[in-house]
Amino acid sequence: VALPTYPFDRVRHWVALPEPEAAKPAARRDPAALMHELKWRPRLRETAAEPLAGTAWTIFADAGGVGRELADRLTASGAQCTVVTGAAAYARTTDGFQISPANRDHMTQMWAERPAGGTERVVHLWSLDARGDEAPTPTDAVGPSCASVLHLAQVLGESRAAGATPRVTIVTRGAQAAGSTERVSLAQTPVWGLARTLPLEYPETAWVRIDLDPE
């Protein structure tokens, strides 16, 4: 075998990697740094108001009278109001309807029979009646308000083919703490959480959340 007359030189063509260091224990992080905190900032109230004449409002009136007062003010401004109150059986009233919060068919029938026209608005105030200290169980406290909001969203989602996409305002009381010393109402927070997900499930409807002062 004929061999070359020059010496064999070994040439390395691999990338030299650094030697692995000994595993170091992971530094402990403050659990507070991993949490998400919601902060509220004050904002000036907008003075411009939309015209109310010719608008149609469906108001789910609470037992405390907030919904009735809202309906009276809107009617005085030229709006058409349909007041919906909670009851065990479905019935028509002089100014609206009575439906069961837990009955989906009641919501469907009410929405089909309501006097609609012009720009439509919906205000849900049944959450104001949720009182955790008066209900036998937490489910009894939040069940009617959460069920009615869910049924309303489903009915509106089914009617979107007809172009009926009103703006819906869901009102709670004390569901959010605007200050560090305020306490939240556990009977109100489930409705607020449900309302936050509705724009993702039904983006064609304009959803508005309003949380009133707990006092």
# chains A, B, ... in the order shown; residues from 1 in each chain; ligands from 1
$ closest_atom_pairs --of "stretch 95-155 of chain A" --to "stretch 41-56 of chain A" --cutoff "7 Å" --atoms "only C-alpha atoms" --output "Markdown table"
| residue | atom | partner | partner_atom | distance |
| --- | --- | --- | --- | --- |
| A:Ala116 | CA | A:Ala56 | CA | 6.3 |
| A:Gly117 | CA | A:Ala56 | CA | 6.0 |
| A:Gly118 | CA | A:Thr55 | CA | 5.4 |
| A:Thr119 | CA | A:Thr55 | CA | 4.8 |
| A:Glu120 | CA | A:Ala56 | CA | 4.8 |
| A:Arg121 | CA | A:Ala56 | CA | 6.2 |
$ residues_around --residues "stretch 98-114 of chain A" --least-positions-apart "4" --cutoff "10 Å" --atoms "only C-alpha atoms" --output "NGL selection string"
:A and (56-58 or 60 or 81-93 or 126 or 143-152 or 154-156 or 158-159)
$ write_last_selection --atoms "N, CA and C atoms" --output "mmCIF file, in the first residue's frame"
data_model
loop_
_atom_site.group_PDB
_atom_site.id
_atom_site.type_symbol
_atom_site.label_atom_id
_atom_site.label_comp_id
_atom_site.auth_asym_id
_atom_site.auth_seq_id
_atom_site.Cartn_x
_atom_site.Cartn_y
_atom_site.Cartn_z
ATOM 1 N N ALA A 56 -86.157 51.570 23.017
ATOM 2 C CA ALA A 56 -86.934 50.545 23.711
ATOM 3 C C ALA A 56 -86.038 49.870 24.742
ATOM 4 N N TRP A 57 -86.497 49.845 25.983
ATOM 5 C CA TRP A 57 -85.709 49.319 27.097
ATOM 6 C C TRP A 57 -86.432 48.136 27.728
ATOM 7 N N THR A 58 -85.699 47.054 27.935
ATOM 8 C CA THR A 58 -86.192 45.906 28.703
ATOM 9 C C THR A 58 -85.432 45.885 30.014
ATOM 10 N N PHE A 60 -84.921 44.333 33.735
ATOM 11 C CA PHE A 60 -85.150 43.278 34.716
ATOM 12 C C PHE A 60 -85.065 43.926 36.093
ATOM 13 N N CYS A 81 -90.487 51.409 27.872
ATOM 14 C CA CYS A 81 -89.896 50.505 28.849
ATOM 15 C C CYS A 81 -90.781 49.285 29.057
ATOM 16 N N THR A 82 -90.134 48.129 29.109
ATOM 17 C CA THR A 82 -90.778 46.869 29.466
ATOM 18 C C THR A 82 -90.114 46.365 30.736
ATOM 19 N N VAL A 83 -90.888 46.254 31.804
ATOM 20 C CA VAL A 83 -90.360 45.858 33.106
ATOM 21 C C VAL A 83 -90.602 44.365 33.295
ATOM 22 N N VAL A 84 -89.525 43.654 33.619
ATOM 23 C CA VAL A 84 -89.592 42.207 33.835
ATOM 24 C C VAL A 84 -89.271 41.944 35.297
ATOM 25 N N THR A 85 -90.177 41.278 35.991
ATOM 26 C CA THR A 85 -89.976 40.945 37.396
ATOM 27 C C THR A 85 -89.962 39.423 37.557
ATOM 28 N N GLY A 86 -89.418 38.987 38.681
ATOM 29 C CA GLY A 86 -89.300 37.567 38.941
ATOM 30 C C GLY A 86 -90.541 36.998 39.595
ATOM 31 N N ALA A 87 -90.947 35.812 39.167
ATOM 32 C CA ALA A 87 -92.112 35.127 39.730
ATOM 33 C C ALA A 87 -91.993 33.652 39.380
ATOM 34 N N ALA A 88 -92.838 32.842 40.002
ATOM 35 C CA ALA A 88 -92.788 31.408 39.745
ATOM 36 C C ALA A 88 -93.434 31.044 38.416
ATOM 37 N N ALA A 89 -94.482 31.767 38.020
ATOM 38 C CA ALA A 89 -95.219 31.467 36.794
ATOM 39 C C ALA A 89 -95.082 32.614 35.810
ATOM 40 N N TYR A 90 -95.243 32.290 34.535
ATOM 41 C CA TYR A 90 -95.164 33.300 33.478
ATOM 42 C C TYR A 90 -96.482 34.055 33.400
ATOM 43 N N ALA A 91 -96.395 35.368 33.318
ATOM 44 C CA ALA A 91 -97.614 36.169 33.225
ATOM 45 C C ALA A 91 -97.275 37.535 32.661
ATOM 46 N N ARG A 92 -98.256 38.158 32.047
ATOM 47 C CA ARG A 92 -98.138 39.535 31.589
ATOM 48 C C ARG A 92 -98.589 40.480 32.694
ATOM 49 N N THR A 93 -97.979 41.635 32.755
ATOM 50 C CA THR A 93 -98.354 42.650 33.723
ATOM 51 C C THR A 93 -98.715 43.934 32.975
ATOM 52 N N TRP A 126 -81.478 42.161 38.438
ATOM 53 C CA TRP A 126 -81.844 41.114 39.387
ATOM 54 C C TRP A 126 -80.691 40.735 40.308
ATOM 55 N N GLY A 143 -77.976 31.704 42.357
ATOM 56 C CA GLY A 143 -78.594 30.928 41.290
ATOM 57 C C GLY A 143 -79.539 31.711 40.407
ATOM 58 N N PRO A 144 -80.532 32.419 40.960
ATOM 59 C CA PRO A 144 -81.476 33.131 40.093
ATOM 60 C C PRO A 144 -80.822 34.183 39.205
ATOM 61 N N SER A 145 -79.903 34.966 39.752
ATOM 62 C CA SER A 145 -79.290 36.024 38.948
ATOM 63 C C SER A 145 -78.386 35.445 37.870
ATOM 64 N N CYS A 146 -77.576 34.431 38.210
ATOM 65 C CA CYS A 146 -76.690 33.828 37.210
ATOM 66 C C CYS A 146 -77.493 33.109 36.130
ATOM 67 N N ALA A 147 -78.543 32.394 36.539
ATOM 68 C CA ALA A 147 -79.355 31.663 35.561
ATOM 69 C C ALA A 147 -80.046 32.613 34.600
ATOM 70 N N SER A 148 -80.571 33.711 35.111
ATOM 71 C CA SER A 148 -81.276 34.651 34.236
ATOM 72 C C SER A 148 -80.325 35.332 33.268
ATOM 73 N N VAL A 149 -79.117 35.663 33.715
ATOM 74 C CA VAL A 149 -78.134 36.264 32.803
ATOM 75 C C VAL A 149 -77.739 35.272 31.714
ATOM 76 N N LEU A 150 -77.534 34.016 32.106
ATOM 77 C CA LEU A 150 -77.181 32.994 31.119
ATOM 78 C C LEU A 150 -78.303 32.789 30.107
ATOM 79 N N HIS A 151 -79.542 32.685 30.587
ATOM 80 C CA HIS A 151 -80.667 32.496 29.678
ATOM 81 C C HIS A 151 -80.836 33.697 28.750
ATOM 82 N N LEU A 152 -80.628 34.882 29.280
ATOM 83 C CA LEU A 152 -80.733 36.077 28.444
ATOM 84 C C LEU A 152 -79.687 36.055 27.340
ATOM 85 N N GLN A 154 -78.236 33.451 26.009
ATOM 86 C CA GLN A 154 -78.565 32.403 25.048
ATOM 87 C C GLN A 154 -79.694 32.830 24.117
ATOM 88 N N VAL A 155 -80.699 33.473 24.663
ATOM 89 C CA VAL A 155 -81.818 33.927 23.831
ATOM 90 C C VAL A 155 -81.356 35.000 22.853
ATOM 91 N N LEU A 156 -80.524 35.913 23.308
ATOM 92 C CA LEU A 156 -80.006 36.944 22.409
ATOM 93 C C LEU A 156 -79.122 36.335 21.334
ATOM 94 N N GLU A 158 -79.487 33.386 20.011
ATOM 95 C CA GLU A 158 -80.353 32.731 19.037
ATOM 96 C C GLU A 158 -81.077 33.729 18.141
ATOM 97 N N SER A 159 -81.309 34.928 18.639
ATOM 98 C CA SER A 159 -82.049 35.929 17.864
ATOM 99 C C SER A 159 -81.140 36.832 17.050
#
$ atom_distance --atom1 "atom CA of A:Thr165" --atom2 "atom CA of A:Glu204"
6.8 Å
$ closest_residue --among "A:Ala177, A:Ala153, A:Leu38, A:Ala76" --to "A:Leu194" --atoms "only C-alpha atoms"
A:Ala153
$ select_by_dssp --residues "stretch 16-157 of chain A" --states "alpha helix (DSSP H)" --output "ChimeraX atom specification"
/A:66-76,104-113,138-157
$ residues_around --residues "A:Ser185" --least-positions-apart "5" --cutoff "9 Å" --atoms "only C-alpha atoms" --output "ChimeraX atom specification"
/A:131-132,173-176,214
$ atom_distance --atom1 "atom CA of A:Leu34" --atom2 "atom CA of A:Thr172"
28.4 Å
